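Visitor: So here's target_32.txt, just compact mmCIF, C-alpha atoms:
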```txt
# COMPACT_ATOMS: atom_id res chain seq x y z
CA MET P 1170 75.69 85.07 115.04
CA SER P 1171 78.56 86.90 116.69
CA THR P 1172 80.44 84.76 119.17
CA VAL P 1173 81.33 87.84 121.18
CA SER P 1174 79.51 87.69 124.46
CA SER P 1175 76.94 90.35 125.00
CA ALA P 1176 77.64 90.50 128.69
CA PRO P 1177 79.03 93.92 129.53
CA GLY P 1178 82.81 93.99 129.73
CA SER P 1179 83.29 90.40 128.51
CA ARG P 1180 85.48 89.65 125.53
CA PRO P 1181 87.72 86.86 124.17
CA ALA P 1182 91.27 86.84 125.58
CA SER P 1183 92.57 87.02 122.01
CA ILE P 1184 91.04 88.96 119.16
CA TRP P 1185 91.15 85.74 117.13
CA GLY P 1186 88.71 84.23 119.63
CA ASN P 1187 86.16 86.64 118.15
CA ARG P 1188 84.94 84.44 115.29
CA THR P 1189 82.96 87.28 113.72
CA TYR P 1190 86.07 89.43 113.38
CA SER P 1191 88.12 86.41 112.24
CA LYS P 1192 85.73 85.75 109.36
CA MET P 1193 85.63 89.44 108.47
CA PHE P 1194 89.42 89.47 108.49
CA ALA P 1195 89.63 86.41 106.22
CA ALA P 1196 87.16 87.94 103.76
CA TYR P 1197 89.05 91.23 103.79
CA ALA P 1198 92.36 89.42 103.27
CA MET P 1199 91.14 87.58 100.17
CA ALA P 1200 89.57 90.71 98.71
CA SER P 1201 92.72 92.77 99.36
CA PHE P 1202 94.98 90.19 97.72
CA GLY P 1203 92.82 90.10 94.61
CA GLU P 1204 92.64 93.88 94.49
CA TRP P 1205 96.43 94.30 94.44
CA PHE P 1206 96.89 91.42 91.98
CA ASP P 1207 94.29 93.09 89.77
CA ALA P 1208 95.73 96.61 90.13
CA PHE P 1209 99.22 95.54 89.05
CA ALA P 1210 97.84 93.64 86.05
CA ILE P 1211 95.82 96.68 84.94
CA GLU P 1212 98.85 98.97 85.27
CA ILE P 1213 100.95 96.64 83.10
CA LEU P 1214 98.13 96.17 80.60
CA VAL P 1215 97.62 99.93 80.21
CA ALA P 1216 101.23 101.15 80.30
CA TYR P 1217 103.15 98.34 78.60
CA ARG P 1218 100.65 96.50 76.40
CA TRP P 1219 98.31 99.31 75.29
CA HIS P 1220 101.04 102.03 75.53
CA ALA P 1221 98.51 104.49 76.93
CA ASP P 1222 99.37 108.18 77.17
CA PRO P 1223 100.19 109.51 80.70
CA PHE P 1224 97.03 111.63 80.54
CA MET P 1225 94.91 108.53 79.85
CA ILE P 1226 96.64 106.74 82.71
CA ALA P 1227 95.75 109.70 84.93
CA LEU P 1228 92.09 109.19 84.00
CA ILE P 1229 92.05 105.80 85.76
CA PRO P 1230 92.05 107.24 89.31
CA VAL P 1231 89.72 110.02 88.17
CA MET P 1232 87.06 107.57 87.00
CA MET P 1233 87.53 105.51 90.15
CA ALA P 1234 87.09 108.65 92.27
CA LEU P 1235 83.82 109.87 90.73
CA PRO P 1236 81.62 107.39 92.62
CA GLY P 1237 83.21 108.43 95.91
CA ILE P 1238 82.34 112.08 95.30
CA LEU P 1239 78.76 111.30 94.32
CA LEU P 1240 78.07 108.58 96.87
CA GLY P 1241 80.69 108.88 99.64
CA SER P 1242 78.71 110.72 102.32
CA PHE P 1243 75.52 108.89 101.40
CA ALA P 1244 77.33 105.56 101.74
CA GLY P 1245 78.60 106.56 105.20
CA VAL P 1246 75.06 107.29 106.39
CA VAL P 1247 73.84 104.00 104.89
CA ALA P 1248 76.64 102.12 106.66
CA ASP P 1249 75.60 103.57 110.04
CA ARG P 1250 71.91 102.99 109.41
CA TRP P 1251 71.59 99.69 107.53
CA LYS P 1252 72.89 96.17 108.08
CA LYS P 1253 76.61 96.35 107.42
CA VAL P 1254 77.24 92.69 106.58
CA ASN P 1255 74.63 92.80 103.83
CA LEU P 1256 76.18 95.95 102.36
CA MET P 1257 79.61 94.32 102.27
CA LEU P 1258 78.23 91.10 100.81
CA ILE P 1259 76.35 92.84 97.99
CA ALA P 1260 79.34 95.04 97.21
CA ASP P 1261 81.70 92.05 96.94
CA ALA P 1262 79.29 90.17 94.67
CA ALA P 1263 78.88 93.18 92.38
CA GLU P 1264 82.64 93.77 92.26
CA ALA P 1265 83.20 90.14 91.26
CA VAL P 1266 80.78 90.49 88.32
CA LEU P 1267 82.27 93.81 87.18
CA THR P 1268 85.80 92.42 87.41
CA VAL P 1269 84.82 89.59 85.04
CA LEU P 1270 83.47 92.22 82.63
CA LEU P 1271 86.89 93.92 82.66
CA LEU P 1272 88.27 90.87 80.87
CA PHE P 1273 86.32 91.84 77.78
CA ALA P 1274 87.42 95.50 77.71
CA PRO P 1275 89.11 96.10 74.32
CA GLY P 1276 90.62 99.46 75.28
CA MET P 1277 90.69 102.44 77.62
CA TYR P 1278 87.26 103.73 76.64
CA TRP P 1279 85.66 100.51 77.87
CA LEU P 1280 88.01 99.98 80.78
CA LEU P 1281 87.42 103.37 82.44
CA PRO P 1282 83.61 103.19 82.94
CA LEU P 1283 83.86 99.60 84.19
CA LEU P 1284 86.45 100.68 86.77
CA ALA P 1285 84.13 103.51 87.81
CA LEU P 1286 81.21 101.12 88.35
CA ARG P 1287 83.39 98.75 90.34
CA ALA P 1288 84.70 101.61 92.47
CA ALA P 1289 81.10 102.57 93.27
CA MET P 1290 80.65 99.24 95.05
CA GLY P 1291 83.76 99.87 97.13
CA VAL P 1292 82.32 103.22 98.24
CA PHE P 1293 79.70 101.31 100.22
CA ARG P 1294 81.96 98.46 101.36
CA VAL P 1295 84.69 100.54 103.04
CA PRO P 1296 82.60 102.50 105.62
CA ALA P 1297 80.51 99.39 106.31
CA HIS P 1298 83.68 97.39 107.05
CA GLN P 1299 85.11 100.09 109.31
CA ALA P 1300 81.84 100.59 111.19
CA LEU P 1301 81.31 96.86 111.69
CA THR P 1302 84.88 96.46 112.95
CA ARG P 1303 84.16 99.14 115.56
CA GLN P 1304 81.04 97.23 116.61
CA VAL P 1305 82.32 93.65 116.77
CA VAL P 1306 85.66 94.42 118.44
CA HIS P 1307 86.00 95.59 122.05
CA GLU P 1308 87.64 98.97 122.48
CA ASP P 1309 90.70 97.54 124.24
CA GLN P 1310 91.37 95.41 121.13
CA LEU P 1311 90.60 98.11 118.57
CA LEU P 1312 94.26 98.98 117.90
CA LYS P 1313 95.00 95.32 117.22
CA ALA P 1314 92.06 95.09 114.81
CA THR P 1315 93.13 98.27 113.01
CA SER P 1316 96.73 97.05 112.83
CA TYR P 1317 95.77 93.63 111.51
CA ASN P 1318 93.52 95.17 108.86
CA GLY P 1319 96.44 97.33 107.77
CA LEU P 1320 98.77 94.36 107.97
CA VAL P 1321 96.73 92.20 105.62
CA ASN P 1322 96.50 95.05 103.14
CA GLN P 1323 100.29 95.39 103.15
CA PHE P 1324 100.83 91.63 102.87
CA SER P 1325 98.54 91.77 99.86
CA LYS P 1326 100.64 94.61 98.48
CA ILE P 1327 103.64 92.28 98.73
CA ALA P 1328 102.07 89.09 97.41
CA GLY P 1329 99.76 90.60 94.79
CA PRO P 1330 102.29 92.52 92.65
CA LEU P 1331 105.05 89.96 93.35
CA LEU P 1332 102.96 87.01 92.19
CA GLY P 1333 101.50 89.21 89.47
CA ALA P 1334 104.98 89.96 88.14
CA VAL P 1335 105.73 86.22 88.05
CA ALA P 1336 102.36 85.36 86.55
CA LEU P 1337 102.67 87.97 83.81
CA ALA P 1338 105.79 86.19 82.57
CA VAL P 1339 103.62 83.13 81.90
CA ILE P 1340 100.03 84.30 81.46
CA SER P 1341 98.21 87.41 80.28
CA PRO P 1342 97.08 90.40 82.40
CA GLN P 1343 93.49 89.34 81.72
CA LEU P 1344 93.98 86.07 83.58
CA CYS P 1345 95.55 87.98 86.48
CA ILE P 1346 92.41 90.13 86.59
CA LEU P 1347 90.35 86.94 86.81
CA VAL P 1348 92.13 86.12 90.07
CA ASN P 1349 90.54 89.22 91.63
CA ALA P 1350 87.08 88.09 90.53
CA MET P 1351 87.65 84.74 92.20
CA THR P 1352 88.89 86.24 95.48
CA ARG P 1353 85.91 88.61 95.56
CA LEU P 1354 83.60 85.64 95.17
CA LEU P 1355 85.31 83.81 98.04
CA SER P 1356 85.05 86.92 100.20
CA CYS P 1357 81.35 87.15 99.36
CA LEU P 1358 80.80 83.52 100.41
CA LEU P 1359 82.53 84.11 103.76
CA LEU P 1360 80.45 87.19 104.48
CA PHE P 1361 77.34 85.20 103.61
CA THR P 1362 78.01 83.04 106.70
CA LEU P 1363 77.80 86.23 108.84
CA ARG P 1364 74.50 87.46 107.41
CA GLN P 1365 72.63 86.64 110.67
CA ILE P 1366 74.94 88.69 112.90
CA ASP P 1367 73.14 91.07 115.27
CA ALA P 1368 75.25 94.23 115.01
CA ASN P 1369 73.59 95.75 118.07
CA ALA P 1370 74.80 92.86 120.23
CA ALA P 1371 78.30 92.76 118.78
CA GLY P 1372 81.27 93.65 120.88
CA GLY P 1373 79.28 93.41 124.09
CA LYS P 1374 77.20 96.45 123.14
CA ALA P 1375 73.76 94.96 123.49
CA LYS P 1376 70.87 97.34 123.22
CA GLY P 1377 69.24 97.86 126.58
CA PRO P 1378 65.61 98.73 127.31
CA GLY P 1379 66.47 102.37 127.95
CA ASP P 1380 68.65 102.77 124.89
CA SER P 1381 66.61 104.57 122.24
CA GLN P 1382 69.51 106.08 120.28
CA SER P 1383 69.16 103.61 117.40
CA ASP P 1384 65.41 104.20 117.16
CA GLU P 1385 65.91 107.97 117.17
CA GLU P 1386 68.53 107.75 114.43
CA HIS P 1387 66.20 105.74 112.23
CA LYS P 1388 63.62 108.52 112.59
CA GLN P 1389 66.12 111.15 111.47
CA SER P 1390 66.54 112.08 107.83
CA PHE P 1391 69.68 111.32 105.84
CA ALA P 1392 70.46 115.06 105.79
CA GLU P 1393 70.34 115.27 109.61
CA LEU P 1394 72.58 112.23 110.00
CA TRP P 1395 74.99 113.64 107.40
CA LYS P 1396 75.17 116.97 109.27
CA GLN P 1397 75.89 115.13 112.54
CA GLY P 1398 78.88 113.42 110.93
CA TRP P 1399 80.36 116.71 109.69
CA SER P 1400 79.68 118.35 113.05
CA ALA P 1401 81.56 115.61 114.90
CA LEU P 1402 84.53 115.98 112.53
CA LEU P 1403 84.71 119.77 112.74
CA GLN P 1404 84.31 120.01 116.52
CA ARG P 1405 87.05 117.54 117.51
CA ARG P 1406 90.51 119.01 117.04
CA ILE P 1407 92.35 115.67 116.83
CA LEU P 1408 89.96 114.39 114.18
CA LEU P 1409 90.04 117.64 112.22
CA SER P 1410 93.84 118.01 112.36
CA SER P 1411 94.35 114.44 111.17
CA PHE P 1412 91.77 114.88 108.42
CA ILE P 1413 93.33 118.11 107.10
CA VAL P 1414 96.85 116.66 107.08
CA ASN P 1415 95.65 113.54 105.31
CA MET P 1416 93.87 115.58 102.65
CA ALA P 1417 96.91 117.81 102.08
CA VAL P 1418 99.23 114.82 101.72
CA MET P 1419 96.81 113.01 99.42
CA LEU P 1420 96.46 116.09 97.22
CA VAL P 1421 100.20 116.02 96.49
CA ILE P 1422 100.81 112.27 96.42
CA LEU P 1423 97.88 111.52 94.11
CA MET P 1424 99.42 113.78 91.49
CA ILE P 1425 102.07 111.11 90.94
CA ASP P 1426 100.87 107.96 92.68
CA PHE P 1427 99.31 106.55 89.50
CA GLN P 1428 102.29 107.64 87.40
CA PHE P 1429 104.71 105.01 88.69
CA PRO P 1430 104.19 103.00 85.48
CA THR P 1431 105.19 106.12 83.53
CA LEU P 1432 108.31 106.57 85.68
CA TYR P 1433 109.36 102.94 85.42
CA ARG P 1434 108.65 102.84 81.70
CA GLU P 1435 111.48 105.38 81.45
CA ILE P 1436 113.95 104.06 84.04
CA ALA P 1437 113.32 100.35 83.29
CA PRO P 1438 111.88 100.17 79.76
CA HIS P 1439 112.79 96.50 79.30
CA ASN P 1440 111.93 95.24 82.77
CA GLU P 1441 108.19 95.16 83.43
CA SER P 1442 108.73 93.22 86.67
CA LEU P 1443 110.77 95.94 88.44
CA LEU P 1444 107.63 97.95 89.17
CA GLY P 1445 106.14 94.86 90.81
CA TRP P 1446 109.25 94.34 92.92
CA MET P 1447 109.19 97.98 94.04
CA VAL P 1448 105.51 97.83 95.00
CA SER P 1449 106.13 94.57 96.87
CA ALA P 1450 108.99 96.25 98.74
CA THR P 1451 106.61 98.96 99.93
CA GLY P 1452 104.43 96.19 101.33
CA VAL P 1453 107.39 94.63 103.15
CA GLY P 1454 108.29 97.98 104.72
CA ALA P 1455 104.72 98.57 105.83
CA VAL P 1456 104.38 95.07 107.31
CA ILE P 1457 107.57 95.49 109.34
CA THR P 1458 106.35 98.85 110.65
CA ILE P 1459 102.90 97.57 111.56
CA LEU P 1460 104.37 94.59 113.41
CA ILE P 1461 106.64 96.92 115.38
CA LEU P 1462 103.70 99.20 116.24
CA ASN P 1463 101.72 96.19 117.41
CA ARG P 1464 104.66 95.09 119.53
CA LEU P 1465 105.30 98.51 121.07
CA GLY P 1466 101.62 99.09 121.69
CA LYS P 1467 101.77 102.88 121.48
CA VAL P 1468 102.83 105.78 119.32
CA LYS P 1469 102.06 109.48 119.49
CA TYR P 1470 99.64 110.68 116.86
CA GLY P 1471 102.06 113.38 115.70
CA ILE P 1472 104.99 110.96 115.39
CA GLY P 1473 102.91 108.38 113.52
CA ILE P 1474 101.34 110.80 111.06
CA GLY P 1475 104.15 113.35 110.69
CA GLY P 1476 106.99 110.83 110.71
CA GLY P 1477 105.26 108.62 108.18
CA VAL P 1478 104.67 111.55 105.82
CA VAL P 1479 108.34 112.61 106.08
CA LEU P 1480 109.55 109.16 105.02
CA VAL P 1481 107.10 108.94 102.12
CA GLY P 1482 108.07 112.40 100.84
CA ALA P 1483 111.81 111.70 101.07
CA ALA P 1484 111.44 108.43 99.16
CA PHE P 1485 109.18 109.88 96.46
CA GLY P 1486 111.63 112.72 95.85
CA SER P 1487 114.57 110.31 95.69
CA MET P 1488 112.79 108.19 93.09
CA GLY P 1489 112.85 111.19 90.80
CA LEU P 1490 116.65 110.93 90.81
CA LEU P 1491 116.61 107.41 89.33
CA THR P 1492 117.75 106.98 85.72
CA PRO P 1493 117.91 104.04 83.28
CA GLY P 1494 121.42 103.34 84.55
CA SER P 1495 120.53 103.34 88.25
CA PRO P 1496 120.98 100.02 90.11
CA GLU P 1497 117.69 98.20 90.51
CA LEU P 1498 118.45 97.82 94.20
CA TRP P 1499 117.67 101.51 94.72
CA SER P 1500 114.07 100.92 93.64
CA ILE P 1501 113.76 98.18 96.25
CA VAL P 1502 115.30 100.32 99.02
CA LEU P 1503 113.14 103.34 98.24
CA GLY P 1504 110.09 101.08 98.06
CA LEU P 1505 110.91 99.85 101.58
CA VAL P 1506 111.15 103.43 102.86
CA ILE P 1507 107.80 104.31 101.27
CA GLY P 1508 106.32 101.24 102.94
CA VAL P 1509 107.67 102.13 106.37
CA GLY P 1510 106.27 105.65 106.10
CA ASN P 1511 102.98 104.47 104.65
CA GLY P 1512 102.50 101.84 107.37
CA LEU P 1513 103.25 104.34 110.12
CA PHE P 1514 100.93 106.97 108.65
CA ILE P 1515 97.98 104.79 107.57
CA VAL P 1516 97.68 102.75 110.78
CA THR P 1517 97.94 105.86 112.95
CA TYR P 1518 95.43 107.81 110.86
CA ASN P 1519 92.86 105.01 110.65
CA TYR P 1520 93.15 104.39 114.38
CA VAL P 1521 92.62 108.11 115.08
CA LEU P 1522 89.39 107.98 113.07
CA GLN P 1523 88.28 104.80 114.84
CA ARG P 1524 89.22 105.88 118.37
CA GLU P 1525 88.28 109.56 118.32
CA THR P 1526 84.97 109.21 116.45
CA PRO P 1527 81.83 109.33 118.63
CA GLU P 1528 79.98 106.06 119.09
CA GLY P 1529 77.68 105.21 116.18
CA MET P 1530 79.25 107.67 113.72
CA THR P 1531 82.15 105.60 112.37
CA GLY P 1532 80.47 104.93 109.03
CA ARG P 1533 79.69 108.61 108.51
CA ILE P 1534 83.23 109.75 109.38
CA PHE P 1535 84.78 107.21 107.00
CA GLY P 1536 82.17 108.14 104.40
CA ILE P 1537 83.22 111.80 104.64
CA GLN P 1538 86.85 110.71 104.43
CA ASN P 1539 86.17 108.66 101.30
CA MET P 1540 84.14 111.43 99.66
CA SER P 1541 86.85 114.04 100.34
CA ALA P 1542 89.62 111.74 99.13
CA SER P 1543 87.64 110.99 95.97
CA THR P 1544 87.15 114.71 95.32
CA ILE P 1545 90.90 115.25 95.53
CA MET P 1546 91.47 112.25 93.28
CA ILE P 1547 89.53 113.94 90.50
CA ALA P 1548 91.84 116.92 90.17
CA ALA P 1549 95.18 115.69 91.50
CA PRO P 1550 96.01 112.97 88.90
CA LEU P 1551 95.01 115.29 86.05
CA ILE P 1552 97.28 118.02 87.42
CA GLY P 1553 100.03 115.45 87.81
CA GLY P 1554 99.60 114.25 84.22
CA ALA P 1555 99.78 117.85 82.97
CA LEU P 1556 102.90 118.55 85.06
CA ILE P 1557 104.61 115.45 83.72
CA HIS P 1558 103.82 116.52 80.14
CA GLY P 1559 105.41 119.92 80.83
CA TRP P 1560 108.33 119.12 83.15
CA GLY P 1561 109.03 115.43 82.77
CA VAL P 1562 108.23 112.61 85.17
CA ASN P 1563 111.54 112.68 87.10
CA ARG P 1564 111.42 116.39 87.89
CA VAL P 1565 107.80 116.16 89.04
CA PHE P 1566 108.62 113.29 91.41
CA ILE P 1567 111.46 115.34 92.93
CA ILE P 1568 109.43 118.54 93.41
CA LEU P 1569 106.31 116.89 94.82
CA GLY P 1570 108.39 114.62 97.04
CA VAL P 1571 109.96 117.71 98.61
CA VAL P 1572 106.49 119.23 99.16
CA VAL P 1573 105.33 116.10 101.02
CA LEU P 1574 108.55 116.16 103.05
CA ILE P 1575 107.83 119.75 104.11
CA ILE P 1576 104.26 118.87 105.16
CA GLY P 1577 105.53 115.97 107.30
CA SER P 1578 108.20 118.14 108.90
CA ALA P 1579 105.59 120.77 109.80
CA CYS P 1580 103.47 118.06 111.44
CA LEU P 1581 106.41 116.94 113.59
CA ILE P 1582 107.23 120.49 114.63
CA CYS P 1583 103.61 121.44 115.41
CA GLN P 1584 102.40 118.11 116.79
CA ARG P 1585 101.59 119.48 120.26
CA ILE P 1586 99.24 121.98 118.65
CA LEU P 1587 97.65 119.60 116.16
CA TRP P 1588 97.38 116.59 118.49
CA PRO P 1589 97.53 117.99 122.04
CA THR P 1590 96.70 114.80 123.92
CA GLY P 1591 96.67 112.14 121.23
CA GLN P 1592 98.55 108.95 121.89
CA ILE P 1593 97.71 105.48 120.72
CA THR P 1594 97.78 103.17 123.67
CA ALA P 1595 97.30 99.57 122.73
CA ASP P 1596 95.57 97.56 125.38
CA ILE P 1597 97.80 94.51 125.08
CA GLN P 1598 99.39 95.23 128.46
CA LYS P 1599 96.01 96.14 129.99
CA SER P 1600 94.57 92.89 128.71
CA GLN P 1601 97.47 90.92 130.18
CA LYS P 1602 96.99 92.62 133.55
CA ALA P 1603 93.26 92.01 133.45
CA SER P 1604 93.68 88.35 132.58
CA GLY P 1605 96.42 87.95 135.17
```
How does the structure come out when it is put into structure tokens?

Guide:
Amino acid sequence: MSTVSSAPGSRPASIWGNRTYSKMFAAYAMASFGEWFDAFAIEILVAYRWHADPFMIALIPVMMALPGILLGSFAGVVADRWKKVNLMLIADAAEAVLTVLLLFAPGMYWLLPLLALRAAMGVFRVPAHQALTRQVVHEDQLLKATSYNGLVNQFSKIAGPLLGAVALAVISPQLCILVNAMTRLLSCLLLFTLRQIDANAAGGKAKGPGDSQSDEEHKQSFAELWKQGWSALLQRRILLSSFIVNMAVMLVILMIDFQFPTLYREIAPHNESLLGWMVSATGVGAVITILILNRLGKVKYGIGIGGGVVLVGAAFGSMGLLTPGSPELWSIVLGLVIGVGNGLFIVTYNYVLQRETPEGMTGRIFGIQNMSASTIMIAAPLIGGALIHGWGVNRVFIILGVVVLIIGSACLICQRILWPTGQITADIQKSQKASG
């Protein structure tokens, strides 16, 4: 059961006093670490060991995106309507099994469908996790919860590829993939201890005798609930502006995001570990940024989203200037800049979705987000692979980096129009005043 009191307005002084969130956080941390460890091993396996063509590499995100397109909105409705802990638990268990099956993949034609099946489980887990976080955490601690979730993901981005780079010098990519299966299993076991949680009573939001909203929603069809989610997104300017910017940035970035192995195969053909060091550096930059945001307690939506996009675009474009003779330190520095921008952008964007979404619609909004992102992921990597075939990987990184830089600059210039009143205000100081 949730240890959060159901008395109105009551909450633990620290978010870590909320044992439900703490267990969710631990499960998420283990799953995130395994996911990054796994992702780096697959990239090395495909690019360096199997010597896959850039077009085949581009098919990896495409196959992983298909389930999101087919199931994204449906999964968001399910997350708002069904028991979220059970959805997360089943998804983790299925991902653990499918990850083990990846060990037996002899080539790309077996690897791709297995990745697609595993991604389908994540389509249900993500909105369920976001919706349950909104329920078990009090609103004045929501920024902290969002920041910590982002923080653990970035720590995993540091530790996963870094340890993966070390491990690959000793063991095979297949054994690195096995690590992800084990962490998924541990995450599943932790979530199993939360299976009795009453989501309606979480976060002090107990269902009262006059509250019939949940009953009414259960009587509505999936189509009606789906329409409500889209209506909420389209009618709220802050939500819609953030969503459009995120989609535009993703469209460009996903053209090259999965082509880093191709880039580093050219600029560091004899150093498989450099890609891991660069990815770890992005995690370090993001962690530093998230810690600063948590410390400051506030940031304007426009500064967080626009400023983050500017940094990512500048770093991506600069990476296109790297050559086989470039000092390896530049990869680390540019990775740090990407991390700073990514941390600033992702935390701000996720918090906007959490904070500005109407009560009870968090799963649907994140489901729409996942479906839209998956749709973009189908076309963008294929376009990126085609561009790299025609222009070369370095030139494509430069051009698309400049495009992202322009989008971020436009956000900074027009932030008062896009986000007229939006400002993240962490409730650390409010909590201190209340407890004092």

Visitor: Have a look at P:Ile1238, P:Ala1288, P:Ala1542, P:Ala1437 and name the one nearest to Leu1420 of chain P; count all atoms listed in the file.

Guide: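 When distances to Leu1420 of chain P are compared using all atoms listed in the file, the smallest one comes from P:Ala1542.
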
Visitor: Which residue out of P:Leu1235, P:Leu1270, P:Ala1297, P:Ala1265 has the minimum interatomic distance to Lys1252 of chain P when only C-alpha atoms are used?

Guide: P:Ala1297

Visitor: Could I get the residues of segment 1438-1488 of chain P with an atom no further than 6 Å from an atom of segment 1564-1573 of chain P, each paired with its nearest atom pair and that distance in Å to one decimal, using all atoms listed in the file, sorted by chain and residue number, as a Markdown table?

Guide:
```
| residue | atom | partner | partner_atom | distance |
| --- | --- | --- | --- | --- |
| P:Gly1482 | CA | P:Gly1570 | CA | 4.4 |
| P:Phe1485 | CA | P:Gly1570 | CA | 4.8 |
| P:Gly1486 | CA | P:Ile1567 | CA | 3.9 |
```

Visitor: What does the distance from atom CA of Pro1496 of chain P to atom CA of Ala1483 of chain P come to in Å, to one decimal?

Guide: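 Taking atom CA of Pro1496 of chain P as the start and atom CA of Ala1483 of chain P as the end point, the length is 18.5 Å.
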
Visitor: Need the shell around Val1506 of chain P: protein/DNA/RNA residues with any atom at most 12 Å away, counting all atoms listed in the file. Skip same-chain ones fewer than 5 positions apart. Format as a JSON list (two decimals) with C-alpha atoms, keeping the file's coordinate frame?

Guide:
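Result file follows (result21.json):
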```json
[["chain", "number", "residue", "atom", "x", "y", "z"],
["P", 1447, "MET", "CA", 109.19, 97.98, 94.04],
["P", 1448, "VAL", "CA", 105.51, 97.83, 95.00],
["P", 1449, "SER", "CA", 106.13, 94.57, 96.87],
["P", 1450, "ALA", "CA", 108.99, 96.25, 98.74],
["P", 1451, "THR", "CA", 106.61, 98.96, 99.93],
["P", 1452, "GLY", "CA", 104.43, 96.19, 101.33],
["P", 1453, "VAL", "CA", 107.39, 94.63, 103.15],
["P", 1454, "GLY", "CA", 108.29, 97.98, 104.72],
["P", 1455, "ALA", "CA", 104.72, 98.57, 105.83],
["P", 1456, "VAL", "CA", 104.38, 95.07, 107.31],
["P", 1457, "ILE", "CA", 107.57, 95.49, 109.34],
["P", 1458, "THR", "CA", 106.35, 98.85, 110.65],
["P", 1476, "GLY", "CA", 106.99, 110.83, 110.71],
["P", 1477, "GLY", "CA", 105.26, 108.62, 108.18],
["P", 1478, "VAL", "CA", 104.67, 111.55, 105.82],
["P", 1479, "VAL", "CA", 108.34, 112.61, 106.08],
["P", 1480, "LEU", "CA", 109.55, 109.16, 105.02],
["P", 1481, "VAL", "CA", 107.10, 108.94, 102.12],
["P", 1482, "GLY", "CA", 108.07, 112.40, 100.84],
["P", 1483, "ALA", "CA", 111.81, 111.70, 101.07],
["P", 1484, "ALA", "CA", 111.44, 108.43, 99.16],
["P", 1485, "PHE", "CA", 109.18, 109.88, 96.46],
["P", 1486, "GLY", "CA", 111.63, 112.72, 95.85],
["P", 1487, "SER", "CA", 114.57, 110.31, 95.69],
["P", 1488, "MET", "CA", 112.79, 108.19, 93.09],
["P", 1499, "TRP", "CA", 117.67, 101.51, 94.72],
["P", 1500, "SER", "CA", 114.07, 100.92, 93.64],
["P", 1501, "ILE", "CA", 113.76, 98.18, 96.25],
["P", 1511, "ASN", "CA", 102.98, 104.47, 104.65],
["P", 1512, "GLY", "CA", 102.50, 101.84, 107.37],
["P", 1513, "LEU", "CA", 103.25, 104.34, 110.12]]
```

Visitor: Using all atoms listed in the file, pick whichever of P:Ser1356, P:Ser1495, P:Gln1304, P:Ser1316 has the shortest atom-to-atom distance to Ala1195 of chain P.

Guide: P:Ser1356

Visitor: Taking the point (84.8, 95.5, 101.6) as given in the file, collect each protein or nucleic acid residue that comes within 7 Å of it, counting all atoms listed in the file, and present the set as a ChimeraX atom specification.

Guide: /P:1197,1257,1261,1291,1294-1295,1298

Visitor: So which one's closest to Leu1465 of chain P, P:Ile1425, P:Gly1559, P:Gly1489, P:Lys1313? Using only C-alpha atoms, please.

Guide: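 Result for the nearest residue to Leu1465 of chain P: P:Lys1313.
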
Visitor: Excluding segment 1300-1302 of chain P and any residue of its chain fewer than 6 positions from it, enumerate the residues within 10 Å of it, using only C-alpha atoms, and give them as an MDAnalysis selection string.

Guide: chainID P and resid 1189:1190 1193:1194 1245 1248:1249 1252:1254 1257 1311 1314:1315 1318 1368 1371:1372 1523 1528:1535

Visitor: Save out the residues we just selected, C-alpha atoms, as a short mmCIF file (atom, residue, chain, number, x, y, z; two decimals), in the coordinates of the input.

Guide:
```cif
data_model
loop_
_atom_site.label_atom_id
_atom_site.label_comp_id
_atom_site.auth_asym_id
_atom_site.auth_seq_id
_atom_site.Cartn_x
_atom_site.Cartn_y
_atom_site.Cartn_z
CA THR P 1189 82.96 87.28 113.72
CA TYR P 1190 86.07 89.43 113.38
CA MET P 1193 85.63 89.44 108.47
CA PHE P 1194 89.42 89.47 108.49
CA GLY P 1245 78.60 106.56 105.20
CA ALA P 1248 76.64 102.12 106.66
CA ASP P 1249 75.60 103.57 110.04
CA LYS P 1252 72.89 96.17 108.08
CA LYS P 1253 76.61 96.35 107.42
CA VAL P 1254 77.24 92.69 106.58
CA MET P 1257 79.61 94.32 102.27
CA LEU P 1311 90.60 98.11 118.57
CA ALA P 1314 92.06 95.09 114.81
CA THR P 1315 93.13 98.27 113.01
CA ASN P 1318 93.52 95.17 108.86
CA ALA P 1368 75.25 94.23 115.01
CA ALA P 1371 78.30 92.76 118.78
CA GLY P 1372 81.27 93.65 120.88
CA GLN P 1523 88.28 104.80 114.84
CA GLU P 1528 79.98 106.06 119.09
CA GLY P 1529 77.68 105.21 116.18
CA MET P 1530 79.25 107.67 113.72
CA THR P 1531 82.15 105.60 112.37
CA GLY P 1532 80.47 104.93 109.03
CA ARG P 1533 79.69 108.61 108.51
CA ILE P 1534 83.23 109.75 109.38
CA PHE P 1535 84.78 107.21 107.00
#
```

Visitor: Excluding segment 1545-1548 of chain P and any residue of its chain fewer than 2 positions from it, enumerate the residues within 6 Å of it, using only C-alpha atoms, and give them as JSON, numbers by chain.

Guide: {"P": [1231, 1234, 1420, 1542, 1543, 1550, 1551]}

Visitor: Taking into account only C-alpha atoms, which residue in the set P:Gly1510, P:Pro1527, P:Pro1282, P:Gly1536 is nearest to Ile1472 of chain P?

Guide: P:Gly1510

Visitor: When you draw a straight line from atom CA of Gly1553 of chain P to atom CA of Val1502 of chain P, how long is it in Å?

Guide: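 Taking atom CA of Gly1553 of chain P as the start and atom CA of Val1502 of chain P as the end point, the length is 24.2 Å.
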